[in-house]
Amino acid sequence: MLPDSLVDLHALQLDDARALLEHDAQNSDRDPGESAVHYLQRVIDGLCDLSLKDPLTGLGNRRHFHGVLARAIETVARSGDSVLLLLLDIDHFKSINDTYGHLAGDQVLRAIAGCLARCVRPVDTVARYGGEEFAVILPHCRPAFGRAVAERIRASVAALAIDIAPLQTLSVTISIGGAYAPEWVRSTADLWIERADQQLYRAKTEGRNRVCLDQPRELAVSAEEKGLLFSQLELDELALPGPVPPRVNA
Amino acid sequence: MNDTLAPAASDAADNLPVHPIGKVIAVTSGKGGVGKTFVSANLAAALAKRGLRVLVLDADLGLANLDVVLNLYPKLTLHDVFTGKATLDEAILPAPGGFSVLLAGSGMIEYSRLTPEVRGEFLRVVHSLVPRFDVVLLDTGAGISDVVLFAVSLASEILMVATPEPTSLTDAYATIKVLVGQQQRERIRLIVNQTTRAGSGVAITHQLQQVLDRFVVSGLGRSFTLSHLGDIPADPEVRQAVMRRQLLMQSQPTCSASTAIGQIARALAEKLVSKDG
């Protein structure tokens, strides 16, 4: 008899889960020497992974995207970190499908997904947001750099030669709309996405293959101003970690 | 709602008309986490101790921390007033410390974008609060988002809270710049929180004023004064009170930080009275 706290693997219906994981090309069979707990953990991890991944491109799916976005909103509200959300849409994707077929369309989606993943930092999140729409969440991305990052992504995709059949390559472009999370304000995912989406719409109507960003109002302080702000203040007037220094003169 | 206060366009935040209302005081800051809500709540208690009828309005729409500081969990909030589910009287709560509060409620998150409707509702609420109290303190958010600038634009007095750290002072400076430029403010009062030596706040205010004079005021054709309202010394009792979710003015009325807040309340009350008289 097993104690209550242990699960008998034979009592679980794991066939569907195993089939799903096999489909994902992960070895889901139990190794002879593997403990039941370890095996079960591996199945659960595999399922979690599957539930957050887009099967075609291997990127995060919409569920994954919303989870990351929700956490970003909480962080921004309290830390004032600059987080940029980009929505990217493939230009004229329907005509690619119509002209070259859906398999070619899938190739294009995979190639762009790979390109996006290579364009960003490990801390960033790339997700497939919809059919031909992708999303990128970039934490710690100061407003001064946002446009350069988005432009780099746009140019990298435009420079791709995508193999859609032997000896047949295709070039595609994307339009990008972006918005920063409002700093020190707890916004909602819907409002944030809507702002980025408006910019994407602008990029589309202004001719596609371009970047439109909703730039936040920045607290603009020049280096000269900063220098003067602290030039006269003695160091011990600014809060420093450690014990309070003794006062020498008033 | 007064028609002249209605916003002309939905996105007019950049040239927001300022309609300061007497006895409305905004407590704001350049960056978050400098103790803005702590100052609002304890200053309210200190003003109440001086016999004033005080209300603190959680104007930090979408980031309500006042409930946490005061350990209050109301059923009815400003959100319910906005949506017509509650009257103003139902949503005004007595807070520990002898003042009243109107909390935003978590539903206010959806108002973090400043639509004409939100402005209208907000104005309506502030206008109906003013006759009932001697002082209405607006605990606003940090920085220069539309909601913050709007809330601050309603106040006749602005209290800027900063800590004596370079990032906090830089953001305070940048925010003051925006308020001077956009809202034609002639005076902002600075409270320096968590100071570690006497005289810090005076020196910091002086320094900020010098840089403002050089980079902002010189091009204005009018004067601007950054007044030093007071310092609140770094005090271990503050952390204790925050952790226990008690009002410092109540739990430790004689500690150094409480004494400082009492002095700030006195200075503020005298200024308000002299203005009325």
# chains A, B, ... in the order shown; residues from 1 in each chain; ligands from 1

$ residues_around --residues "A:Ala159" --least-positions-apart "4" --cutoff "12 Å" --atoms "only C-alpha atoms" --output "CSV table (one decimal) with N, CA and C atoms, in the first residue's frame"
chain,number,residue,atom,x,y,z
A,111,ALA,N,10.2,31.6,-40.3
A,111,ALA,CA,11.5,32.4,-40.5
A,111,ALA,C,11.4,33.7,-39.8
A,112,ILE,N,10.3,34.3,-39.8
A,112,ILE,CA,10.2,35.6,-39.1
A,112,ILE,C,10.3,35.4,-37.6
A,115,CYS,N,13.9,35.0,-36.7
A,115,CYS,CA,14.5,36.3,-36.8
A,115,CYS,C,14.3,37.1,-35.6
A,152,ARG,N,15.6,48.1,-35.8
A,152,ARG,CA,16.5,47.0,-36.0
A,152,ARG,C,15.7,45.7,-36.3
A,153,ILE,N,14.6,45.5,-35.6
A,153,ILE,CA,13.8,44.3,-35.8
A,153,ILE,C,13.2,44.4,-37.2
A,154,ARG,N,12.6,45.6,-37.5
A,154,ARG,CA,12.0,45.8,-38.9
A,154,ARG,C,13.0,45.5,-40.0
A,155,ALA,N,14.2,46.1,-39.9
A,155,ALA,CA,15.2,46.0,-40.9
A,155,ALA,C,15.7,44.5,-41.0
A,169,THR,N,13.1,31.9,-53.0
A,169,THR,CA,13.1,32.7,-51.8
A,169,THR,C,12.2,33.9,-51.9
A,170,LEU,N,11.8,34.3,-50.7
A,170,LEU,CA,10.8,35.4,-50.7
A,170,LEU,C,11.3,36.5,-49.6
A,171,SER,N,11.0,37.7,-49.9
A,171,SER,CA,11.3,38.8,-49.0
A,171,SER,C,10.0,39.3,-48.5
A,172,VAL,N,9.9,39.5,-47.2
A,172,VAL,CA,8.6,40.1,-46.7
A,172,VAL,C,9.0,41.3,-45.8
A,173,THR,N,8.0,42.1,-45.5
A,173,THR,CA,8.3,43.2,-44.6
A,173,THR,C,7.2,43.1,-43.5
A,174,ILE,N,7.5,43.8,-42.4
A,174,ILE,CA,6.6,43.9,-41.3
A,174,ILE,C,6.3,45.4,-40.9
A,209,ASN,N,5.8,48.5,-43.6
A,209,ASN,CA,7.2,48.4,-43.5
A,209,ASN,C,7.8,49.6,-42.7

$ select_by_dssp --residues "stretch 18-218 of chain B" --states "strand (DSSP E or B)" --output "JSON, numbers by chain"
{"B": [21, 22, 23, 24, 25, 26, 27, 28, 29, 54, 55, 56, 57, 58, 93, 94, 95, 99, 100, 101, 102, 135, 136, 137, 138, 139, 140, 141, 142, 155, 156, 157, 158, 159, 160, 161, 162, 187, 188, 189, 190, 191, 192, 193, 194, 195]}

$ closest_residue --among "B:His228, B:Lys31, B:Lys85, B:Lys75" --to "chain A" --atoms "only C-alpha atoms"
B:Lys31

$ residues_around --residues "B:Ala241" --least-positions-apart "4" --cutoff "12 Å" --atoms "only C-alpha atoms" --output "PyMOL selection string"
chain B and resi 38+42+68-71+235-237+245-253+255+257-258

$ residues_around --residues "A:Gly46" --least-positions-apart "4" --cutoff "7 Å" --atoms "only C-alpha atoms" --output "PyMOL selection string"
chain A and resi 21+42+50

$ select_by_dssp --residues "stretch 95-221 of chain A" --states "alpha helix (DSSP H)" --output "short mmCIF file (atom, residue, chain, number, x, y, z; two decimals) with all heavy atoms, in the first residue's frame"
data_model
loop_
_atom_site.label_atom_id
_atom_site.label_comp_id
_atom_site.auth_asym_id
_atom_site.auth_seq_id
_atom_site.Cartn_x
_atom_site.Cartn_y
_atom_site.Cartn_z
N SER A 95 -1.79 37.76 -49.20
CA SER A 95 -1.42 37.54 -50.61
C SER A 95 -0.27 36.54 -50.73
O SER A 95 -0.14 35.85 -51.74
CB SER A 95 -1.09 38.86 -51.29
OG SER A 95 0.15 39.33 -50.84
N ILE A 96 0.57 36.42 -49.69
CA ILE A 96 1.61 35.38 -49.70
C ILE A 96 0.94 34.02 -49.68
O ILE A 96 1.27 33.12 -50.47
CB ILE A 96 2.54 35.54 -48.47
CG1 ILE A 96 3.32 36.86 -48.55
CG2 ILE A 96 3.51 34.34 -48.38
CD1 ILE A 96 4.09 37.20 -47.29
N ASN A 97 -0.03 33.86 -48.77
CA ASN A 97 -0.77 32.60 -48.70
C ASN A 97 -1.48 32.31 -50.02
O ASN A 97 -1.46 31.18 -50.52
CB ASN A 97 -1.81 32.67 -47.58
CG ASN A 97 -1.21 32.23 -46.25
OD1 ASN A 97 -0.29 31.43 -46.22
ND2 ASN A 97 -1.73 32.78 -45.16
N ASP A 98 -2.11 33.34 -50.58
CA ASP A 98 -2.89 33.14 -51.81
C ASP A 98 -1.99 32.81 -52.99
O ASP A 98 -2.32 31.99 -53.84
CB ASP A 98 -3.72 34.40 -52.12
CG ASP A 98 -4.82 34.62 -51.10
OD1 ASP A 98 -5.08 33.68 -50.31
OD2 ASP A 98 -5.42 35.72 -51.07
N THR A 99 -0.83 33.45 -53.05
CA THR A 99 0.05 33.28 -54.21
C THR A 99 0.90 32.02 -54.11
O THR A 99 1.06 31.29 -55.09
CB THR A 99 0.98 34.51 -54.33
OG1 THR A 99 0.21 35.69 -54.18
CG2 THR A 99 1.68 34.53 -55.69
N TYR A 100 1.47 31.77 -52.92
CA TYR A 100 2.44 30.68 -52.80
C TYR A 100 1.91 29.49 -52.02
O TYR A 100 2.60 28.48 -51.88
CB TYR A 100 3.73 31.19 -52.13
CG TYR A 100 4.35 32.37 -52.85
CD1 TYR A 100 4.13 33.67 -52.41
CD2 TYR A 100 5.15 32.17 -53.98
CE1 TYR A 100 4.69 34.76 -53.07
CE2 TYR A 100 5.71 33.24 -54.64
CZ TYR A 100 5.48 34.54 -54.18
OH TYR A 100 6.04 35.59 -54.84
N HIS A 102 -0.33 27.84 -48.43
CA HIS A 102 -0.26 27.96 -46.98
C HIS A 102 1.04 27.39 -46.41
O HIS A 102 1.50 27.86 -45.37
CB HIS A 102 -1.47 27.28 -46.34
CG HIS A 102 -2.71 28.07 -46.51
ND1 HIS A 102 -3.07 29.08 -45.65
CD2 HIS A 102 -3.66 28.07 -47.48
CE1 HIS A 102 -4.19 29.64 -46.05
NE2 HIS A 102 -4.58 29.05 -47.18
N LEU A 103 1.62 26.42 -47.08
CA LEU A 103 2.90 25.88 -46.58
C LEU A 103 3.97 26.96 -46.65
O LEU A 103 4.79 27.10 -45.74
CB LEU A 103 3.31 24.66 -47.39
CG LEU A 103 2.52 23.38 -47.08
CD1 LEU A 103 2.99 22.24 -47.97
CD2 LEU A 103 2.67 23.00 -45.61
N ALA A 104 3.96 27.71 -47.74
CA ALA A 104 4.91 28.82 -47.86
C ALA A 104 4.63 29.85 -46.78
O ALA A 104 5.56 30.40 -46.16
CB ALA A 104 4.79 29.46 -49.24
N GLY A 105 3.34 30.09 -46.54
CA GLY A 105 2.96 31.02 -45.47
C GLY A 105 3.52 30.58 -44.13
O GLY A 105 4.07 31.39 -43.36
N ASP A 106 3.42 29.27 -43.85
CA ASP A 106 3.97 28.75 -42.59
C ASP A 106 5.48 28.93 -42.52
O ASP A 106 6.04 29.23 -41.46
CB ASP A 106 3.63 27.25 -42.46
CG ASP A 106 2.17 27.04 -42.09
OD1 ASP A 106 1.48 28.06 -41.82
OD2 ASP A 106 1.71 25.89 -42.07
N GLN A 107 6.15 28.72 -43.67
CA GLN A 107 7.60 28.93 -43.73
C GLN A 107 7.94 30.37 -43.35
O GLN A 107 8.89 30.63 -42.61
CB GLN A 107 8.13 28.68 -45.15
CG GLN A 107 8.67 27.31 -45.45
CD GLN A 107 9.47 26.73 -44.32
OE1 GLN A 107 8.99 25.82 -43.65
NE2 GLN A 107 10.68 27.21 -44.10
N VAL A 108 7.17 31.29 -43.91
CA VAL A 108 7.40 32.72 -43.62
C VAL A 108 7.23 33.00 -42.13
O VAL A 108 8.06 33.67 -41.50
CB VAL A 108 6.43 33.60 -44.46
CG1 VAL A 108 6.46 35.04 -43.99
CG2 VAL A 108 6.79 33.51 -45.95
N LEU A 109 6.16 32.43 -41.54
CA LEU A 109 5.92 32.64 -40.11
C LEU A 109 7.09 32.11 -39.28
O LEU A 109 7.55 32.77 -38.34
CB LEU A 109 4.62 31.96 -39.68
CG LEU A 109 3.33 32.63 -40.16
CD1 LEU A 109 2.13 31.71 -39.91
CD2 LEU A 109 3.12 33.96 -39.45
N ARG A 110 7.58 30.92 -39.65
CA ARG A 110 8.69 30.32 -38.91
C ARG A 110 9.97 31.15 -39.06
O ARG A 110 10.68 31.39 -38.08
CB ARG A 110 8.97 28.90 -39.41
CG ARG A 110 8.11 27.86 -38.78
CD ARG A 110 8.73 26.48 -38.93
NE ARG A 110 7.67 25.50 -39.01
CZ ARG A 110 7.20 24.98 -40.15
NH1 ARG A 110 7.74 25.31 -41.31
NH2 ARG A 110 6.21 24.13 -40.13
N ALA A 111 10.22 31.59 -40.28
CA ALA A 111 11.46 32.35 -40.52
C ALA A 111 11.43 33.67 -39.76
O ALA A 111 12.44 34.07 -39.15
CB ALA A 111 11.61 32.61 -42.02
N ILE A 112 10.28 34.33 -39.77
CA ILE A 112 10.20 35.61 -39.06
C ILE A 112 10.31 35.38 -37.55
O ILE A 112 10.99 36.13 -36.84
CB ILE A 112 8.91 36.36 -39.43
CG1 ILE A 112 9.02 36.84 -40.89
CG2 ILE A 112 8.65 37.53 -38.50
CD1 ILE A 112 7.80 37.54 -41.42
N ALA A 113 9.66 34.33 -37.07
CA ALA A 113 9.75 34.02 -35.64
C ALA A 113 11.20 33.83 -35.22
O ALA A 113 11.65 34.36 -34.19
CB ALA A 113 8.93 32.77 -35.33
N GLY A 114 11.95 33.08 -36.04
CA GLY A 114 13.35 32.85 -35.72
C GLY A 114 14.14 34.14 -35.73
O GLY A 114 14.99 34.38 -34.86
N CYS A 115 13.85 34.97 -36.70
CA CYS A 115 14.54 36.26 -36.82
C CYS A 115 14.26 37.14 -35.60
O CYS A 115 15.18 37.74 -35.04
CB CYS A 115 14.09 36.94 -38.12
SG CYS A 115 14.81 38.57 -38.35
N LEU A 116 12.99 37.20 -35.18
CA LEU A 116 12.62 38.02 -34.02
C LEU A 116 13.35 37.53 -32.77
O LEU A 116 13.88 38.33 -32.00
CB LEU A 116 11.10 37.96 -33.79
CG LEU A 116 10.20 38.53 -34.88
CD1 LEU A 116 8.73 38.36 -34.48
CD2 LEU A 116 10.52 40.00 -35.12
N ALA A 117 13.37 36.21 -32.62
CA ALA A 117 14.01 35.65 -31.43
C ALA A 117 15.51 35.99 -31.40
O ALA A 117 16.08 36.20 -30.34
CB ALA A 117 13.81 34.13 -31.39
N ARG A 118 16.13 36.06 -32.58
CA ARG A 118 17.56 36.40 -32.63
C ARG A 118 17.81 37.89 -32.41
O ARG A 118 18.90 38.30 -32.04
CB ARG A 118 18.14 36.00 -33.99
CG ARG A 118 18.35 34.50 -34.16
CD ARG A 118 19.18 34.21 -35.41
NE ARG A 118 18.56 34.71 -36.64
CZ ARG A 118 17.64 34.03 -37.34
NH1 ARG A 118 17.24 32.85 -36.93
NH2 ARG A 118 17.13 34.54 -38.45
N CYS A 119 16.78 38.71 -32.68
CA CYS A 119 16.94 40.17 -32.60
C CYS A 119 16.93 40.71 -31.18
O CYS A 119 17.35 41.84 -30.95
CB CYS A 119 15.80 40.86 -33.34
SG CYS A 119 16.10 41.08 -35.09
N PRO A 143 13.07 54.92 -23.23
CA PRO A 143 12.39 55.52 -24.39
C PRO A 143 13.36 56.01 -25.48
O PRO A 143 13.03 55.99 -26.66
CB PRO A 143 11.62 56.68 -23.78
CG PRO A 143 11.35 56.25 -22.38
CD PRO A 143 12.54 55.43 -21.96
N ALA A 144 14.56 56.41 -25.07
CA ALA A 144 15.51 56.91 -26.05
C ALA A 144 15.96 55.80 -27.01
O ALA A 144 16.38 56.08 -28.14
CB ALA A 144 16.73 57.49 -25.34
N PHE A 145 15.86 54.54 -26.58
CA PHE A 145 16.36 53.44 -27.41
C PHE A 145 15.25 52.67 -28.12
O PHE A 145 15.53 51.84 -28.98
CB PHE A 145 17.17 52.44 -26.55
CG PHE A 145 18.27 53.09 -25.77
CD1 PHE A 145 18.45 52.82 -24.42
CD2 PHE A 145 19.12 54.00 -26.38
CE1 PHE A 145 19.46 53.44 -23.69
CE2 PHE A 145 20.14 54.62 -25.66
CZ PHE A 145 20.30 54.33 -24.32
N GLY A 146 14.00 52.91 -27.72
CA GLY A 146 12.89 52.11 -28.24
C GLY A 146 12.83 52.07 -29.75
O GLY A 146 12.69 51.01 -30.36
N ARG A 147 12.95 53.25 -30.35
CA ARG A 147 12.82 53.31 -31.80
C ARG A 147 13.95 52.54 -32.50
O ARG A 147 13.72 51.83 -33.49
CB ARG A 147 12.80 54.78 -32.27
CG ARG A 147 12.71 54.94 -33.78
CD ARG A 147 12.28 56.33 -34.16
NE ARG A 147 10.94 56.63 -33.70
CZ ARG A 147 9.82 56.25 -34.33
NH1 ARG A 147 9.91 55.55 -35.45
NH2 ARG A 147 8.65 56.54 -33.86
N ALA A 148 15.16 52.67 -31.97
CA ALA A 148 16.30 51.98 -32.57
C ALA A 148 16.10 50.46 -32.53
O ALA A 148 16.36 49.76 -33.50
CB ALA A 148 17.58 52.36 -31.84
N VAL A 149 15.58 49.97 -31.40
CA VAL A 149 15.34 48.53 -31.26
C VAL A 149 14.29 48.08 -32.28
O VAL A 149 14.48 47.10 -33.00
CB VAL A 149 14.88 48.19 -29.83
CG1 VAL A 149 14.47 46.72 -29.73
CG2 VAL A 149 15.96 48.51 -28.82
N ALA A 150 13.19 48.82 -32.35
CA ALA A 150 12.10 48.45 -33.26
C ALA A 150 12.56 48.53 -34.72
O ALA A 150 12.23 47.67 -35.54
CB ALA A 150 10.90 49.35 -33.03
N GLU A 151 13.36 49.54 -35.02
CA GLU A 151 13.89 49.68 -36.39
C GLU A 151 14.81 48.52 -36.74
O GLU A 151 14.78 48.03 -37.87
CB GLU A 151 14.65 51.01 -36.53
CG GLU A 151 13.81 52.19 -36.97
CD GLU A 151 13.16 52.00 -38.34
OE1 GLU A 151 13.69 51.26 -39.18
OE2 GLU A 151 12.09 52.59 -38.55
N ARG A 152 15.62 48.10 -35.77
CA ARG A 152 16.52 46.99 -36.01
C ARG A 152 15.72 45.72 -36.33
O ARG A 152 16.05 44.97 -37.24
CB ARG A 152 17.42 46.77 -34.79
CG ARG A 152 18.58 45.82 -35.07
CD ARG A 152 19.42 45.63 -33.83
NE ARG A 152 18.70 44.92 -32.80
CZ ARG A 152 18.79 45.19 -31.50
NH1 ARG A 152 19.54 46.19 -31.09
NH2 ARG A 152 18.11 44.49 -30.62
N ILE A 153 14.65 45.52 -35.59
CA ILE A 153 13.80 44.34 -35.83
C ILE A 153 13.18 44.43 -37.22
O ILE A 153 13.21 43.47 -37.99
CB ILE A 153 12.70 44.24 -34.74
CG1 ILE A 153 13.34 43.92 -33.38
CG2 ILE A 153 11.66 43.19 -35.13
CD1 ILE A 153 12.37 43.96 -32.22
N ARG A 154 12.64 45.60 -37.55
CA ARG A 154 12.01 45.78 -38.86
C ARG A 154 13.01 45.52 -39.99
O ARG A 154 12.73 44.77 -40.94
CB ARG A 154 11.45 47.20 -38.99
CG ARG A 154 10.65 47.46 -40.25
CD ARG A 154 10.56 48.94 -40.57
NE ARG A 154 11.87 49.57 -40.75
CZ ARG A 154 12.64 49.43 -41.82
NH1 ARG A 154 12.23 48.71 -42.84
NH2 ARG A 154 13.83 50.00 -41.88
N ALA A 155 14.20 46.11 -39.87
CA ALA A 155 15.21 45.97 -40.93
C ALA A 155 15.70 44.53 -41.04
O ALA A 155 15.94 44.03 -42.14
CB ALA A 155 16.37 46.92 -40.65
N SER A 156 15.86 43.84 -39.89
CA SER A 156 16.33 42.45 -39.93
C SER A 156 15.35 41.57 -40.68
O SER A 156 15.75 40.70 -41.45
CB SER A 156 16.50 41.90 -38.51
OG SER A 156 17.37 42.72 -37.78
N VAL A 157 14.05 41.78 -40.42
CA VAL A 157 13.04 40.97 -41.11
C VAL A 157 13.05 41.30 -42.61
O VAL A 157 13.02 40.40 -43.46
CB VAL A 157 11.64 41.20 -40.50
CG1 VAL A 157 10.56 40.55 -41.37
CG2 VAL A 157 11.57 40.64 -39.09
N ALA A 158 13.15 42.57 -42.94
CA ALA A 158 13.14 42.97 -44.35
C ALA A 158 14.34 42.41 -45.11
O ALA A 158 14.27 42.17 -46.31
CB ALA A 158 13.11 44.50 -44.46
N ALA A 189 -3.74 45.51 -19.19
CA ALA A 189 -3.19 44.92 -20.40
C ALA A 189 -3.96 45.41 -21.62
O ALA A 189 -3.36 45.75 -22.65
CB ALA A 189 -3.24 43.40 -20.29
N ASP A 190 -5.27 45.48 -21.50
CA ASP A 190 -6.09 45.89 -22.65
C ASP A 190 -5.75 47.30 -23.12
O ASP A 190 -5.64 47.55 -24.31
CB ASP A 190 -7.58 45.81 -22.29
CG ASP A 190 -8.05 44.36 -22.21
OD1 ASP A 190 -7.29 43.49 -22.69
OD2 ASP A 190 -9.14 44.13 -21.68
N LEU A 191 -5.59 48.22 -22.15
CA LEU A 191 -5.28 49.61 -22.52
C LEU A 191 -3.92 49.70 -23.19
O LEU A 191 -3.72 50.44 -24.15
CB LEU A 191 -5.31 50.51 -21.28
CG LEU A 191 -6.68 50.87 -20.73
CD1 LEU A 191 -6.51 51.72 -19.47
CD2 LEU A 191 -7.48 51.63 -21.77
N TRP A 192 -2.99 48.94 -22.65
CA TRP A 192 -1.61 48.97 -23.16
C TRP A 192 -1.58 48.42 -24.59
O TRP A 192 -1.01 49.01 -25.50
CB TRP A 192 -0.72 48.16 -22.22
CG TRP A 192 0.75 48.35 -22.42
CD1 TRP A 192 1.37 49.22 -23.28
CD2 TRP A 192 1.78 47.65 -21.73
NE1 TRP A 192 2.73 49.10 -23.16
CE2 TRP A 192 3.01 48.15 -22.22
CE3 TRP A 192 1.79 46.67 -20.74
CZ2 TRP A 192 4.23 47.67 -21.75
CZ3 TRP A 192 3.00 46.20 -20.26
CH2 TRP A 192 4.22 46.70 -20.77
N ILE A 193 -2.22 47.26 -24.77
CA ILE A 193 -2.27 46.64 -26.10
C ILE A 193 -2.98 47.57 -27.08
O ILE A 193 -2.54 47.73 -28.23
CB ILE A 193 -2.98 45.27 -26.02
CG1 ILE A 193 -2.14 44.28 -25.22
CG2 ILE A 193 -3.25 44.71 -27.42
CD1 ILE A 193 -2.86 43.00 -24.87
N GLU A 194 -4.04 48.19 -26.60
CA GLU A 194 -4.79 49.10 -27.48
C GLU A 194 -3.91 50.24 -27.99
O GLU A 194 -3.96 50.61 -29.16
CB GLU A 194 -6.00 49.65 -26.71
CG GLU A 194 -6.96 50.46 -27.55
CD GLU A 194 -7.99 51.16 -26.68
OE1 GLU A 194 -8.65 50.48 -25.89
OE2 GLU A 194 -8.12 52.40 -26.80
N ARG A 195 -3.08 50.77 -27.08
CA ARG A 195 -2.21 51.88 -27.49
C ARG A 195 -1.19 51.42 -28.52
O ARG A 195 -0.89 52.13 -29.48
CB ARG A 195 -1.53 52.48 -26.26
CG ARG A 195 -2.48 53.40 -25.47
CD ARG A 195 -1.87 53.87 -24.15
NE ARG A 195 -0.53 54.37 -24.33
CZ ARG A 195 0.53 53.94 -23.64
NH1 ARG A 195 0.38 53.01 -22.72
NH2 ARG A 195 1.70 54.46 -23.85
N ALA A 196 -0.64 50.22 -28.32
CA ALA A 196 0.33 49.69 -29.29
C ALA A 196 -0.38 49.40 -30.61
O ALA A 196 0.16 49.64 -31.70
CB ALA A 196 0.98 48.43 -28.73
N ASP A 197 -1.61 48.89 -30.50
CA ASP A 197 -2.38 48.52 -31.69
C ASP A 197 -2.70 49.77 -32.53
O ASP A 197 -2.69 49.71 -33.77
CB ASP A 197 -3.66 47.81 -31.26
CG ASP A 197 -4.17 46.87 -32.34
OD1 ASP A 197 -3.31 46.31 -33.07
OD2 ASP A 197 -5.39 46.71 -32.47
N GLN A 198 -2.99 50.86 -31.86
CA GLN A 198 -3.25 52.12 -32.59
C GLN A 198 -2.03 52.53 -33.40
O GLN A 198 -2.15 53.01 -34.53
CB GLN A 198 -3.62 53.24 -31.61
CG GLN A 198 -5.05 53.17 -31.12
CD GLN A 198 -5.30 54.07 -29.93
OE1 GLN A 198 -4.40 54.77 -29.46
NE2 GLN A 198 -6.53 54.06 -29.44
N GLN A 199 -0.84 52.31 -32.81
CA GLN A 199 0.39 52.67 -33.52
C GLN A 199 0.63 51.72 -34.68
O GLN A 199 1.12 52.11 -35.74
CB GLN A 199 1.57 52.65 -32.56
CG GLN A 199 1.49 53.68 -31.45
CD GLN A 199 1.40 55.10 -31.99
OE1 GLN A 199 2.14 55.49 -32.89
NE2 GLN A 199 0.46 55.88 -31.47
N LEU A 200 0.26 50.44 -34.49
CA LEU A 200 0.40 49.48 -35.58
C LEU A 200 -0.52 49.87 -36.73
O LEU A 200 -0.14 49.81 -37.91
CB LEU A 200 0.05 48.07 -35.06
CG LEU A 200 0.07 46.94 -36.11
CD1 LEU A 200 1.45 46.83 -36.76
CD2 LEU A 200 -0.31 45.60 -35.47
N TYR A 201 -1.72 50.29 -36.39
CA TYR A 201 -2.67 50.74 -37.41
C TYR A 201 -2.10 51.94 -38.18
O TYR A 201 -2.18 52.02 -39.40
CB TYR A 201 -4.00 51.10 -36.73
CG TYR A 201 -5.04 51.61 -37.68
CD1 TYR A 201 -5.76 50.73 -38.50
CD2 TYR A 201 -5.32 52.97 -37.78
CE1 TYR A 201 -6.71 51.20 -39.38
CE2 TYR A 201 -6.27 53.45 -38.66
CZ TYR A 201 -6.97 52.56 -39.46
OH TYR A 201 -7.90 53.01 -40.34
N ARG A 202 -1.46 52.83 -37.39
CA ARG A 202 -0.84 54.01 -38.02
C ARG A 202 0.26 53.57 -39.00
O ARG A 202 0.35 54.07 -40.12
CB ARG A 202 -0.22 54.89 -36.93
CG ARG A 202 -0.58 56.36 -37.05
CD ARG A 202 0.12 57.16 -35.97
NE ARG A 202 1.44 57.62 -36.40
CZ ARG A 202 2.45 57.89 -35.57
NH1 ARG A 202 2.30 57.74 -34.28
NH2 ARG A 202 3.59 58.32 -36.04
N ALA A 203 1.10 52.62 -38.57
CA ALA A 203 2.19 52.13 -39.42
C ALA A 203 1.64 51.52 -40.71
O ALA A 203 2.21 51.69 -41.79
CB ALA A 203 3.03 51.11 -38.65
N LYS A 204 0.51 50.83 -40.58
CA LYS A 204 -0.11 50.21 -41.75
C LYS A 204 -0.66 51.29 -42.71
O LYS A 204 -0.42 51.23 -43.92
CB LYS A 204 -1.26 49.28 -41.32
CG LYS A 204 -0.80 48.02 -40.64
CD LYS A 204 -0.32 46.98 -41.64
CE LYS A 204 0.07 45.70 -40.94
NZ LYS A 204 0.73 44.75 -41.86
N THR A 205 -1.36 52.25 -42.15
CA THR A 205 -2.00 53.25 -43.02
C THR A 205 -0.97 54.22 -43.61
O THR A 205 -1.21 54.81 -44.65
CB THR A 205 -3.07 54.06 -42.25
OG1 THR A 205 -2.48 54.58 -41.07
CG2 THR A 205 -4.26 53.20 -41.90
#

$ interface_residues --of "chain B" --to "chain A" --cutoff "10 Å" --atoms "only C-alpha atoms" --output "PyMOL selection string"
chain B and resi 14+30-33+60-64+106+108-113+141-148+163-167+169-175+177-178+194-201+203-204+206-212+214-215+234

$ residues_around --residues "A:Ala36" --least-positions-apart "5" --cutoff "12 Å" --atoms "only C-alpha atoms" --output "ChimeraX atom specification"
/A:6-10,12,29-31,41-43
